[in-house]
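Asker: If it helps, the file is called work_21.pdb and holds PDB, C-alpha atoms:
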ATOM      1  CA  MET Y 663      26.456  35.047 -16.536
ATOM      2  CA  VAL Y 664      29.560  36.452 -14.935
ATOM      3  CA  GLN Y 665      30.944  33.988 -12.473
ATOM      4  CA  GLY Y 666      34.514  33.370 -11.606
ATOM      5  CA  PRO Y 667      37.080  33.136  -8.902
ATOM      6  CA  ASN Y 668      36.464  36.800  -8.064
ATOM      7  CA  ASP Y 669      33.189  35.825  -6.435
ATOM      8  CA  PHE Y 670      35.223  34.116  -3.704
ATOM      9  CA  SER Y 671      37.857  36.807  -3.428
ATOM     10  CA  PRO Y 672      38.537  37.863   0.155
ATOM     11  CA  GLU Y 673      39.393  41.320  -1.140
ATOM     12  CA  PRO Y 674      36.786  43.993  -1.842
ATOM     13  CA  ASP Y 675      35.751  44.119  -5.490
ATOM     14  CA  LEU Y 676      36.713  47.533  -6.815
ATOM     15  CA  HIS Y 677      34.186  47.384  -9.624
ATOM     16  CA  VAL Y 678      31.310  46.549  -7.297
ATOM     17  CA  ARG Y 679      32.617  49.064  -4.780
ATOM     18  CA  ALA Y 680      32.644  51.882  -7.307
ATOM     19  CA  ALA Y 681      29.224  51.027  -8.704
ATOM     20  CA  LEU Y 682      27.510  50.441  -5.369
ATOM     21  CA  GLY Y 683      29.288  53.331  -3.683
ATOM     22  CA  ALA Y 684      27.999  55.666  -6.372
ATOM     23  CA  ALA Y 685      24.513  54.176  -6.264
ATOM     24  CA  LEU Y 686      24.260  54.575  -2.488
ATOM     25  CA  GLN Y 687      26.157  57.836  -2.245
ATOM     26  CA  PRO Y 688      24.231  60.190   0.004
ATOM     27  CA  GLY Y 689      24.032  63.860  -0.819
ATOM     28  CA  ASP Y 690      23.815  67.078   1.185
ATOM     29  CA  ARG Y 691      26.345  66.134   3.794
ATOM     30  CA  ALA Y 692      26.261  69.456   5.634
ATOM     31  CA  GLY Y 693      22.475  69.431   5.716
ATOM     32  CA  PHE Y 694      22.417  65.961   7.193
ATOM     33  CA  VAL Y 695      24.910  66.842   9.936
ATOM     34  CA  ALA Y 696      22.915  69.996  10.730
ATOM     35  CA  ARG Y 697      19.674  68.013  11.009
ATOM     36  CA  VAL Y 698      21.264  65.510  13.386
ATOM     37  CA  LEU Y 699      22.692  68.249  15.579
ATOM     38  CA  ALA Y 700      19.348  70.058  15.603
ATOM     39  CA  ARG Y 701      17.731  66.882  16.886
ATOM     40  CA  VAL Y 702      20.482  66.552  19.485
ATOM     41  CA  ASP Y 703      19.740  70.098  20.664
ATOM     42  CA  ALA Y 704      16.073  69.200  20.963
ATOM     43  CA  LEU Y 705      16.873  66.305  23.281
ATOM     44  CA  PRO Y 706      16.272  66.927  26.982
ATOM     45  CA  ALA Y 707      19.416  67.522  28.989
ATOM     46  CA  ARG Y 708      20.973  64.508  30.660
ATOM     47  CA  GLY Y 709      19.907  65.792  34.090
ATOM     48  CA  GLU Y 710      16.319  66.038  32.956
ATOM     49  CA  VAL Y 711      16.438  62.530  31.548
ATOM     50  CA  ALA Y 712      17.813  61.240  34.841
ATOM     51  CA  ALA Y 713      15.132  63.128  36.764
ATOM     52  CA  ARG Y 714      12.426  61.638  34.537
ATOM     53  CA  ARG Y 715      13.843  58.178  35.091
ATOM     54  CA  TRP Y 716      13.841  58.791  38.829
ATOM     55  CA  SER Y 717      10.293  60.087  38.777
ATOM     56  CA  ARG Y 718       9.203  57.055  36.765
ATOM     57  CA  ALA Y 719      10.926  54.785  39.278
ATOM     58  CA  ALA Y 720       9.307  56.650  42.164
ATOM     59  CA  ALA Y 721       5.883  56.372  40.535
ATOM     60  CA  ALA Y 722       6.388  52.645  40.002
ATOM     61  CA  ALA Y 723       7.456  52.192  43.620
ATOM     62  CA  ALA Y 724       4.425  54.166  44.845
ATOM     63  CA  ALA Y 725       2.120  52.093  42.644
ATOM     64  CA  ALA Y 726       3.634  48.896  44.027
ATOM     65  CA  LEU Y 727       3.175  50.197  47.573
ATOM     66  CA  VAL Y 728      -0.476  51.093  46.958
ATOM     67  CA  ALA Y 729      -1.098  47.725  45.311
ATOM     68  CA  GLY Y 730       0.466  46.003  48.313
ATOM     69  CA  LEU Y 731      -1.659  47.985  50.751
ATOM     70  CA  VAL Y 732      -4.864  47.257  48.828
ATOM     71  CA  THR Y 733      -4.016  43.561  48.616
ATOM     72  CA  GLY Y 734      -3.263  43.473  52.318
ATOM     73  CA  LEU Y 735      -6.498  45.274  53.136
ATOM     74  CA  LEU Y 736      -8.543  42.879  51.025
ATOM     75  CA  ALA Y 737      -6.794  39.916  52.594
ATOM     76  CA  GLY Y 738      -7.493  41.329  56.024
ATOM     77  CA  ARG Y 739     -11.169  41.683  55.211
ATOM     78  CA  ALA Y 740     -11.328  38.187  53.750
ATOM     79  CA  THR Y 741     -10.183  36.516  56.956
ATOM     80  CA  PRO Y 742     -13.283  37.300  59.094
ATOM     81  CA  SER Y 743     -15.582  36.020  56.349
ATOM     82  CA  GLN Y 744     -13.915  32.633  56.566
ATOM     83  CA  ALA Y 745     -14.621  32.638  60.274
ATOM     84  CA  LEU Y 746     -18.372  32.555  59.522
ATOM     85  CA  VAL Y 747     -17.996  28.814  58.960
ATOM     86  CA  ASP Y 748     -16.675  27.716  62.298
ATOM     87  CA  ALA Y 749     -16.234  24.188  63.582
ATOM     88  CA  ASP Y 750     -19.183  24.290  66.002
ATOM     89  CA  PHE Y 751     -21.581  25.460  63.312
ATOM     90  CA  VAL Y 752     -20.512  22.687  60.915
ATOM     91  CA  ALA Y 753     -20.564  20.041  63.610
ATOM     92  CA  SER Y 754     -24.082  20.991  64.746
ATOM     93  CA  THR Y 755     -25.372  21.149  61.175
ATOM     94  CA  THR Y 756     -23.837  17.937  59.834
ATOM     95  CA  GLY Y 757     -23.555  15.980  63.043
ATOM     96  CA  SER Y 758     -19.999  15.076  62.098
ATOM     97  CA  THR Y 759     -16.864  16.329  63.791
ATOM     98  CA  SER Y 760     -14.810  15.127  60.836
ATOM     99  CA  ALA Y 761     -16.803  17.295  58.487
ATOM    100  CA  ALA Y 762     -16.168  20.211  60.796
ATOM    101  CA  VAL Y 763     -12.474  19.483  60.654
ATOM    102  CA  PHE Y 764     -12.626  19.300  56.865
ATOM    103  CA  LEU Y 765     -14.493  22.475  56.238
ATOM    104  CA  THR Y 766     -12.693  24.686  58.676
ATOM    105  CA  ALA Y 767      -9.155  23.409  58.172
ATOM    106  CA  GLU Y 768      -6.583  25.904  56.867
ATOM    107  CA  GLN Y 769      -4.576  23.144  55.164
ATOM    108  CA  PRO Y 770      -5.801  20.855  52.350
ATOM    109  CA  PRO Y 771      -7.625  17.776  53.627
ATOM    110  CA  ASP Y 772      -5.570  14.766  54.586
ATOM    111  CA  PRO Y 773      -6.765  11.585  52.779
ATOM    112  CA  ARG Y 774      -6.407   9.637  55.986
ATOM    113  CA  THR Y 775      -8.903  11.955  57.666
ATOM    114  CA  LEU Y 776     -11.255  11.452  54.740
ATOM    115  CA  PHE Y 777     -10.932   7.708  55.082
ATOM    116  CA  THR Y 778     -11.624   7.883  58.784
ATOM    117  CA  SER Y 779     -14.738   9.965  58.215
ATOM    118  CA  LEU Y 780     -16.071   7.406  55.753
ATOM    119  CA  VAL Y 781     -15.448   4.572  58.239
ATOM    120  CA  GLU Y 782     -17.314   6.505  60.905
ATOM    121  CA  ARG Y 783     -20.361   6.580  58.662
TER     122      ARG Y 783
ATOM    123  CA  MET C1161      38.519  55.305   0.937
ATOM    124  CA  THR C1162      39.807  54.460   4.346
ATOM    125  CA  GLY C1163      39.167  50.975   5.628
ATOM    126  CA  PRO C1164      38.105  50.107   9.116
ATOM    127  CA  ALA C1165      41.700  49.458  10.067
ATOM    128  CA  ALA C1166      42.422  53.134   9.533
ATOM    129  CA  GLU C1167      39.327  54.404  11.281
ATOM    130  CA  GLY C1168      39.800  56.647  14.205
ATOM    131  CA  MET C1169      43.471  56.986  13.312
ATOM    132  CA  ILE C1170      43.174  59.603  10.618
ATOM    133  CA  PRO C1171      46.425  61.577  10.516
ATOM    134  CA  GLY C1172      46.023  65.027  11.929
ATOM    135  CA  CYS C1173      42.575  64.198  13.251
ATOM    136  CA  GLU C1174      41.432  63.426  16.738
ATOM    137  CA  ASP C1175      40.748  59.726  17.208
ATOM    138  CA  ASP C1176      37.267  58.390  17.787
ATOM    139  CA  VAL C1177      37.712  57.493  21.430
ATOM    140  CA  ALA C1178      38.891  60.988  22.317
ATOM    141  CA  LEU C1179      35.835  62.386  20.550
ATOM    142  CA  VAL C1180      33.610  59.963  22.425
ATOM    143  CA  VAL C1181      35.141  61.007  25.741
ATOM    144  CA  ARG C1182      34.616  64.667  24.916
ATOM    145  CA  THR C1183      31.044  63.966  23.814
ATOM    146  CA  LEU C1184      30.335  62.200  27.088
ATOM    147  CA  ALA C1185      31.644  65.288  28.847
ATOM    148  CA  GLY C1186      29.002  67.318  27.019
ATOM    149  CA  ASP C1187      31.051  68.613  24.094
ATOM    150  CA  ARG C1188      28.561  69.088  21.260
ATOM    151  CA  ALA C1189      31.257  69.918  18.714
ATOM    152  CA  ALA C1190      32.990  66.605  19.366
ATOM    153  CA  PHE C1191      29.785  64.766  18.598
ATOM    154  CA  GLY C1192      29.372  66.889  15.481
ATOM    155  CA  THR C1193      32.793  65.722  14.334
ATOM    156  CA  LEU C1194      31.769  62.096  14.835
ATOM    157  CA  VAL C1195      28.578  62.666  12.848
ATOM    158  CA  ASP C1196      30.510  64.372  10.089
ATOM    159  CA  ARG C1197      33.096  61.578  10.036
ATOM    160  CA  TYR C1198      30.622  58.707   9.828
ATOM    161  CA  GLU C1199      27.545  60.110   8.135
ATOM    162  CA  GLU C1200      28.480  58.582   4.777
ATOM    163  CA  PRO C1201      28.884  54.921   5.823
ATOM    164  CA  VAL C1202      25.868  55.149   8.124
ATOM    165  CA  ARG C1203      23.680  56.600   5.373
ATOM    166  CA  ARG C1204      24.947  54.068   2.821
ATOM    167  CA  VAL C1205      24.196  51.142   5.113
ATOM    168  CA  ALA C1206      20.751  52.557   5.875
ATOM    169  CA  ARG C1207      20.144  53.004   2.182
ATOM    170  CA  ALA C1208      21.231  49.451   1.466
ATOM    171  CA  VAL C1209      18.535  48.222   3.822
ATOM    172  CA  LEU C1210      15.836  50.774   3.024
ATOM    173  CA  HIS C1211      14.946  51.506  -0.574
ATOM    174  CA  ASP C1212      13.494  54.928   0.143
ATOM    175  CA  VAL C1213      16.214  57.543   0.484
ATOM    176  CA  HIS C1214      14.216  59.651   2.973
ATOM    177  CA  ASP C1215      13.514  56.635   5.115
ATOM    178  CA  ALA C1216      17.201  55.802   4.989
ATOM    179  CA  ASP C1217      18.209  59.286   6.066
ATOM    180  CA  ASP C1218      15.701  59.226   8.921
ATOM    181  CA  ALA C1219      17.168  55.911  10.038
ATOM    182  CA  ALA C1220      20.663  57.372   9.759
ATOM    183  CA  GLN C1221      19.669  60.344  11.933
ATOM    184  CA  ASP C1222      18.112  57.980  14.456
ATOM    185  CA  THR C1223      21.367  56.032  14.448
ATOM    186  CA  PHE C1224      23.369  59.018  15.629
ATOM    187  CA  LEU C1225      20.803  59.963  18.264
ATOM    188  CA  THR C1226      20.676  56.402  19.550
ATOM    189  CA  ALA C1227      24.464  56.263  19.575
ATOM    190  CA  LEU C1228      24.568  59.460  21.597
ATOM    191  CA  LEU C1229      22.068  58.145  24.130
ATOM    192  CA  LYS C1230      23.944  54.840  24.435
ATOM    193  CA  LEU C1231      27.415  56.295  24.275
ATOM    194  CA  ASP C1232      28.139  55.448  27.894
ATOM    195  CA  HIS C1233      27.656  51.769  26.964
ATOM    196  CA  TYR C1234      30.232  51.939  24.180
ATOM    197  CA  ASP C1235      33.366  49.933  24.989
ATOM    198  CA  GLN C1236      36.175  52.391  24.346
ATOM    199  CA  GLY C1237      38.629  49.539  23.904
ATOM    200  CA  ARG C1238      36.935  48.540  20.662
ATOM    201  CA  PRO C1239      36.588  50.326  17.312
ATOM    202  CA  PHE C1240      33.822  52.875  17.154
ATOM    203  CA  ARG C1241      32.720  52.375  13.543
ATOM    204  CA  PRO C1242      31.494  48.742  13.797
ATOM    205  CA  TRP C1243      29.611  49.678  16.972
ATOM    206  CA  LEU C1244      27.955  52.579  15.178
ATOM    207  CA  LEU C1245      27.168  50.571  12.050
ATOM    208  CA  ARG C1246      25.634  47.824  14.134
ATOM    209  CA  ILE C1247      23.206  50.392  15.518
ATOM    210  CA  ALA C1248      22.571  51.686  11.992
ATOM    211  CA  THR C1249      21.926  48.200  10.651
ATOM    212  CA  ASN C1250      19.529  47.258  13.426
ATOM    213  CA  LEU C1251      17.589  50.518  13.239
ATOM    214  CA  ALA C1252      17.285  50.295   9.461
ATOM    215  CA  ILE C1253      16.092  46.694   9.660
ATOM    216  CA  ASP C1254      13.533  47.603  12.329
ATOM    217  CA  ARG C1255      12.295  50.522  10.250
ATOM    218  CA  ARG C1256      12.043  48.370   7.141
ATOM    219  CA  ARG C1257      10.010  45.756   8.984
ATOM    220  CA  ARG C1258       7.656  48.379  10.356
ATOM    221  CA  ARG C1259       7.228  49.844   6.867
ATOM    222  CA  ALA C1260       6.690  46.406   5.363
ATOM    223  CA  ARG C1261       3.726  45.884   7.651
ATOM    224  CA  ARG C1262       2.097  49.035   6.348
ATOM    225  CA  ARG C1263       2.909  48.884   2.674
ATOM    226  CA  THR C1264       4.798  46.714   0.238
ATOM    227  CA  ALA C1265       7.363  48.512  -1.829
ATOM    228  CA  TYR C1266       6.752  47.660  -5.443
ATOM    229  CA  LEU C1267       9.570  47.881  -7.930
ATOM    230  CA  GLU C1268       8.339  48.798 -11.380
ATOM    231  CA  PRO C1269       9.632  46.066 -13.686
ATOM    232  CA  ASP C1270       9.359  48.349 -16.676
ATOM    233  CA  ALA C1271      11.656  50.913 -15.123
ATOM    234  CA  ALA C1272      14.571  48.650 -15.904
ATOM    235  CA  THR C1273      13.725  48.521 -19.588
ATOM    236  CA  GLU C1274      13.769  52.276 -20.025
ATOM    237  CA  LEU C1275      16.397  53.104 -22.564
ATOM    238  CA  PRO C1276      19.133  55.393 -21.348
ATOM    239  CA  GLY C1277      19.465  58.612 -23.203
ATOM    240  CA  PRO C1278      22.604  59.667 -24.976
ATOM    241  CA  ASP C1279      23.564  61.728 -21.981
ATOM    242  CA  VAL C1280      26.205  59.871 -19.940
ATOM    243  CA  ALA C1281      24.968  61.342 -16.679
ATOM    244  CA  ALA C1282      21.459  60.119 -17.387
ATOM    245  CA  GLU C1283      22.799  56.703 -18.291
ATOM    246  CA  ARG C1284      24.765  56.561 -15.071
ATOM    247  CA  ALA C1285      21.708  57.596 -13.113
ATOM    248  CA  VAL C1286      19.696  54.780 -14.655
ATOM    249  CA  LEU C1287      22.436  52.270 -13.863
ATOM    250  CA  GLN C1288      22.545  53.464 -10.280
ATOM    251  CA  GLU C1289      18.802  53.107  -9.978
ATOM    252  CA  ARG C1290      19.072  49.613 -11.438
ATOM    253  CA  LEU C1291      21.756  48.784  -8.921
ATOM    254  CA  ARG C1292      19.667  50.068  -6.022
ATOM    255  CA  GLU C1293      16.743  48.026  -7.230
ATOM    256  CA  ALA C1294      18.929  44.966  -7.728
ATOM    257  CA  LEU C1295      20.213  45.447  -4.219
ATOM    258  CA  GLN C1296      16.660  45.504  -2.913
ATOM    259  CA  GLU C1297      15.980  42.203  -4.660
ATOM    260  CA  LEU C1298      18.655  40.564  -2.553
ATOM    261  CA  PRO C1299      17.911  39.128   0.871
ATOM    262  CA  GLU C1300      18.527  41.668   3.611
ATOM    263  CA  ARG C1301      21.611  39.910   4.958
ATOM    264  CA  TYR C1302      23.207  39.802   1.497
ATOM    265  CA  ARG C1303      22.618  43.512   0.988
ATOM    266  CA  ILE C1304      24.173  44.503   4.260
ATOM    267  CA  ALA C1305      27.072  42.084   3.829
ATOM    268  CA  ILE C1306      28.070  43.283   0.378
ATOM    269  CA  VAL C1307      27.780  46.960   1.260
ATOM    270  CA  LEU C1308      29.850  46.531   4.402
ATOM    271  CA  PHE C1309      32.410  44.335   2.607
ATOM    272  CA  ASP C1310      32.812  45.854  -0.835
ATOM    273  CA  VAL C1311      31.858  49.461  -0.141
ATOM    274  CA  GLU C1312      32.847  50.065   3.472
ATOM    275  CA  GLY C1313      35.849  47.728   3.467
ATOM    276  CA  PHE C1314      34.900  45.683   6.514
ATOM    277  CA  SER C1315      36.359  42.201   6.984
ATOM    278  CA  HIS C1316      34.153  39.120   7.039
ATOM    279  CA  ALA C1317      34.736  38.814  10.779
ATOM    280  CA  GLU C1318      33.707  42.400  11.428
ATOM    281  CA  ILE C1319      30.527  41.963   9.398
ATOM    282  CA  ALA C1320      29.794  38.749  11.257
ATOM    283  CA  GLU C1321      30.013  40.736  14.468
ATOM    284  CA  VAL C1322      27.735  43.469  13.159
ATOM    285  CA  LEU C1323      25.126  41.007  11.909
ATOM    286  CA  GLY C1324      25.501  38.528  14.728
ATOM    287  CA  VAL C1325      26.078  35.593  12.368
ATOM    288  CA  ALA C1326      28.924  33.176  11.598
ATOM    289  CA  VAL C1327      31.820  34.278   9.410
ATOM    290  CA  GLY C1328      30.978  31.528   6.903
ATOM    291  CA  THR C1329      27.473  32.929   6.582
ATOM    292  CA  VAL C1330      28.928  36.329   5.730
ATOM    293  CA  ARG C1331      31.271  34.816   3.103
ATOM    294  CA  SER C1332      28.339  33.053   1.509
ATOM    295  CA  ALA C1333      26.231  36.221   1.544
ATOM    296  CA  VAL C1334      28.997  38.276  -0.076
ATOM    297  CA  PHE C1335      29.529  35.584  -2.712
ATOM    298  CA  HIS C1336      25.868  35.417  -3.725
ATOM    299  CA  ALA C1337      25.376  39.166  -3.628
ATOM    300  CA  ARG C1338      28.462  39.745  -5.767
ATOM    301  CA  ARG C1339      27.368  37.197  -8.321
ATOM    302  CA  HIS C1340      23.956  38.827  -8.568
ATOM    303  CA  LEU C1341      25.313  42.354  -8.918
ATOM    304  CA  ARG C1342      28.034  41.325 -11.377
ATOM    305  CA  GLU C1343      25.416  39.745 -13.597
ATOM    306  CA  LEU C1344      23.567  43.018 -13.580
ATOM    307  CA  LEU C1345      26.665  45.049 -14.269
ATOM    308  CA  ALA C1346      27.696  42.675 -17.075
ATOM    309  CA  ASP C1347      24.246  42.865 -18.647
ATOM    310  CA  TRP C1348      24.488  46.600 -18.505
ATOM    311  CA  LYS C1349      27.831  46.624 -20.308
ATOM    312  CA  GLU C1350      26.480  44.431 -23.127
TER     313      GLU C1350
END
Take the structure from the file and write it as structure tokens.

Answerer:
Amino acid sequence: MVQGPNDFSPEPDLHVRAALGAALQPGDRAGFVARVLARVDALPARGEVAARRWSRAAAAAAAALVAGLVTGLLAGRATPSQALVDADFVASTTGSTSAAVFLTAEQPPDPRTLFTSLVER
Amino acid sequence: MTGPAAEGMIPGCEDDVALVVRTLAGDRAAFGTLVDRYEEPVRRVARAVLHDVHDADDAAQDTFLTALLKLDHYDQGRPFRPWLLRIATNLAIDRRRRRARRRTAYLEPDAATELPGPDVAAERAVLQERLREALQELPERYRIAIVLFDVEGFSHAEIAEVLGVAVGTVRSAVFHARRHLRELLADWKE
């Protein structure tokens, strides 16, 4: 096994450099450069890229707007359906005003109200 | 071989930043000069990560295209080569991981026992193949570290920046990779 102070050397190892450099040496330099530049030429112009980005942003904004409108419409339709259960209907059905308050309240029930309704019974 | 300290300051040649500025202004020839200047280190680094030479060259091409598309993010106050090689390293690693999911590269163990012919060129070719295979046996970080340090002449600190690890980690990686490759080279001499 070859092991020595050179393994810790802060300087590049010329032997390893020569061997690895040769092993990894790429060929056909001109061909490679030509292939890269051909791919560069095939890229869309910067203006086109910017336009595509803008159109993507515009499409996303339009989608968000449509989603917002649909959500708002659905929410608007949902409100009248809640009104089907009104306080008078509940009170006449259950005979309890507290139950009417419970079932038609917009906020979560208050435990104190619940307690009061139980005492009433 | 010119080290990183000399990069972009080649006598009689336009420096990297000037070429970058011209490229950003739409000068195709300036970008061509950058590609020509750095194709070797980029391809070597890609090849250190990827065993397949075609894969490595594809990754190297992608590196230059990515660099071009991100050129406006390049900090012109810093050296160009480490920035470029960081892109090359990351793209090669990504490509290798994608490939690894699809197939596992298998290194023929018997290939190493093939006797070299009397022809020196053939013998050298076999040694180089052995070295490439030995390199592939090393952990990814070791491979990149030793190629950047011993072949490309980067400092430990520069490699640490490229890999996003501590300098001590790079020193350790170079040490282990060297020991492994020296064993191989010594065996070959015997």

Asker: Of the candidates Y:Leu736, Y:Val695, Y:Leu731, Y:Ala753, which shows the shortest atom-to-atom distance to chain C, using all atoms listed in the file?

Answerer: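 Among Y:Leu736, Y:Val695, Y:Leu731, Y:Ala753, it is Y:Val695 that comes nearest to chain C.
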
Asker: Centre and edge lengths, as lines of an AutoDock Vina configuration file, for the axis-aligned box enclosing every listed atom of stretch 1327-1344 of chain C with 4 Å of padding on each of the six sides, in Å to one decimal?

Answerer:
center_x = 27.7
center_y = 37.3
center_z = -2.1
size_x = 16.3
size_y = 19.5
size_z = 31.0

Asker: Kindly provide, as a PyMOL selection string, the residues of chain C having any atom no farther than 6 Å from an atom of chain Y, counting all atoms listed in the file.

Answerer: chain C and resi 1204+1221+1288+1310-1311+1335+1343

Asker: Starting from the displayed file, determine the output of the PyMOL selection byres ((chain C and resi 1239-1244) around 7) and express the residue list as a PyMOL selection string.

Answerer: chain C and resi 1176+1227+1237-1238+1245-1248+1322

Asker: Output C-alpha atoms of each residue in that selection to a file, as a PDB file, in the frame of the given file.

Answerer:
ATOM      1  CA  ASP C1176      37.267  58.390  17.787  1.00  0.00           C
ATOM      2  CA  ALA C1227      24.464  56.263  19.575  1.00  0.00           C
ATOM      3  CA  GLY C1237      38.629  49.539  23.904  1.00  0.00           C
ATOM      4  CA  ARG C1238      36.935  48.540  20.662  1.00  0.00           C
ATOM      5  CA  LEU C1245      27.168  50.571  12.050  1.00  0.00           C
ATOM      6  CA  ARG C1246      25.634  47.824  14.134  1.00  0.00           C
ATOM      7  CA  ILE C1247      23.206  50.392  15.518  1.00  0.00           C
ATOM      8  CA  ALA C1248      22.571  51.686  11.992  1.00  0.00           C
ATOM      9  CA  VAL C1322      27.735  43.469  13.159  1.00  0.00           C
TER      10      VAL C1322
END

Asker: Check what the PyMOL selection byres ((chain C and resi 1301-1303) around 10) selects in the file above and give those residues as JSON, numbers by chain.

Answerer: {"C": [1205, 1207, 1208, 1209, 1253, 1294, 1295, 1296, 1297, 1298, 1299, 1300, 1304, 1305, 1306, 1307, 1308, 1309, 1323, 1325, 1329, 1330, 1331, 1332, 1333, 1334, 1335, 1336, 1337, 1338]}

Asker: Can you measure atom CA of C:Thr1249 to atom CA of C:Ala1206 for me? One decimal in Å is fine.

Answerer: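 Result for atom CA of C:Thr1249 versus atom CA of C:Ala1206: 6.6 Å, one decimal.
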
Asker: Taking the file as shown, what set of residues would the PyMOL selection byres ((chain C and resi 1197) around 12) give back, as an MDAnalysis selection string?

Answerer: (chainID Y and resid 691:692 694:695) or (chainID C and resid 1162 1167:1170 1173:1176 1179 1190:1196 1198:1203 1224 1240:1241 1244)

Asker: With the input short on atoms, add N, CA and C atoms back to stretch 1315-1331 of chain C and write it as a PDB file, in the frame of the given file.

Answerer:
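For reference, selection_16.pdb as written:
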ATOM      1  N   SER C1315      35.976  43.601   7.170  1.00  0.00           N
ATOM      2  CA  SER C1315      36.359  42.201   6.984  1.00  0.00           C
ATOM      3  C   SER C1315      35.133  41.323   7.224  1.00  0.00           C
ATOM      4  N   HIS C1316      35.253  40.059   6.789  1.00  0.00           N
ATOM      5  CA  HIS C1316      34.153  39.120   7.039  1.00  0.00           C
ATOM      6  C   HIS C1316      33.856  39.015   8.536  1.00  0.00           C
ATOM      7  N   ALA C1317      34.924  38.974   9.327  1.00  0.00           N
ATOM      8  CA  ALA C1317      34.736  38.814  10.779  1.00  0.00           C
ATOM      9  C   ALA C1317      34.011  40.027  11.377  1.00  0.00           C
ATOM     10  N   GLU C1318      34.363  41.198  10.902  1.00  0.00           N
ATOM     11  CA  GLU C1318      33.707  42.400  11.428  1.00  0.00           C
ATOM     12  C   GLU C1318      32.226  42.420  11.047  1.00  0.00           C
ATOM     13  N   ILE C1319      31.940  41.996   9.829  1.00  0.00           N
ATOM     14  CA  ILE C1319      30.527  41.963   9.398  1.00  0.00           C
ATOM     15  C   ILE C1319      29.764  40.922  10.211  1.00  0.00           C
ATOM     16  N   ALA C1320      30.437  39.795  10.452  1.00  0.00           N
ATOM     17  CA  ALA C1320      29.794  38.749  11.257  1.00  0.00           C
ATOM     18  C   ALA C1320      29.416  39.299  12.626  1.00  0.00           C
ATOM     19  N   GLU C1321      30.285  40.151  13.151  1.00  0.00           N
ATOM     20  CA  GLU C1321      30.013  40.736  14.468  1.00  0.00           C
ATOM     21  C   GLU C1321      28.842  41.713  14.386  1.00  0.00           C
ATOM     22  N   VAL C1322      28.824  42.500  13.322  1.00  0.00           N
ATOM     23  CA  VAL C1322      27.735  43.469  13.159  1.00  0.00           C
ATOM     24  C   VAL C1322      26.401  42.760  13.022  1.00  0.00           C
ATOM     25  N   LEU C1323      26.389  41.693  12.194  1.00  0.00           N
ATOM     26  CA  LEU C1323      25.126  41.007  11.909  1.00  0.00           C
ATOM     27  C   LEU C1323      24.779  39.943  12.943  1.00  0.00           C
ATOM     28  N   GLY C1324      25.748  39.572  13.740  1.00  0.00           N
ATOM     29  CA  GLY C1324      25.501  38.528  14.728  1.00  0.00           C
ATOM     30  C   GLY C1324      25.346  37.161  14.094  1.00  0.00           C
ATOM     31  N   VAL C1325      26.129  36.905  13.034  1.00  0.00           N
ATOM     32  CA  VAL C1325      26.078  35.593  12.368  1.00  0.00           C
ATOM     33  C   VAL C1325      27.497  35.052  12.243  1.00  0.00           C
ATOM     34  N   ALA C1326      27.605  33.801  11.751  1.00  0.00           N
ATOM     35  CA  ALA C1326      28.924  33.176  11.598  1.00  0.00           C
ATOM     36  C   ALA C1326      29.674  33.795  10.421  1.00  0.00           C
ATOM     37  N   VAL C1327      30.989  33.713  10.479  1.00  0.00           N
ATOM     38  CA  VAL C1327      31.820  34.278   9.410  1.00  0.00           C
ATOM     39  C   VAL C1327      31.507  33.590   8.073  1.00  0.00           C
ATOM     40  N   GLY C1328      31.299  32.268   8.125  1.00  0.00           N
ATOM     41  CA  GLY C1328      30.978  31.528   6.903  1.00  0.00           C
ATOM     42  C   GLY C1328      29.683  32.021   6.265  1.00  0.00           C
ATOM     43  N   THR C1329      28.749  32.403   7.091  1.00  0.00           N
ATOM     44  CA  THR C1329      27.473  32.929   6.582  1.00  0.00           C
ATOM     45  C   THR C1329      27.712  34.238   5.837  1.00  0.00           C
ATOM     46  N   VAL C1330      28.611  35.046   6.380  1.00  0.00           N
ATOM     47  CA  VAL C1330      28.928  36.329   5.730  1.00  0.00           C
ATOM     48  C   VAL C1330      29.614  36.066   4.392  1.00  0.00           C
ATOM     49  N   ARG C1331      30.567  35.137   4.359  1.00  0.00           N
ATOM     50  CA  ARG C1331      31.271  34.816   3.103  1.00  0.00           C
ATOM     51  C   ARG C1331      30.262  34.395   2.038  1.00  0.00           C
TER      52      ARG C1331
END
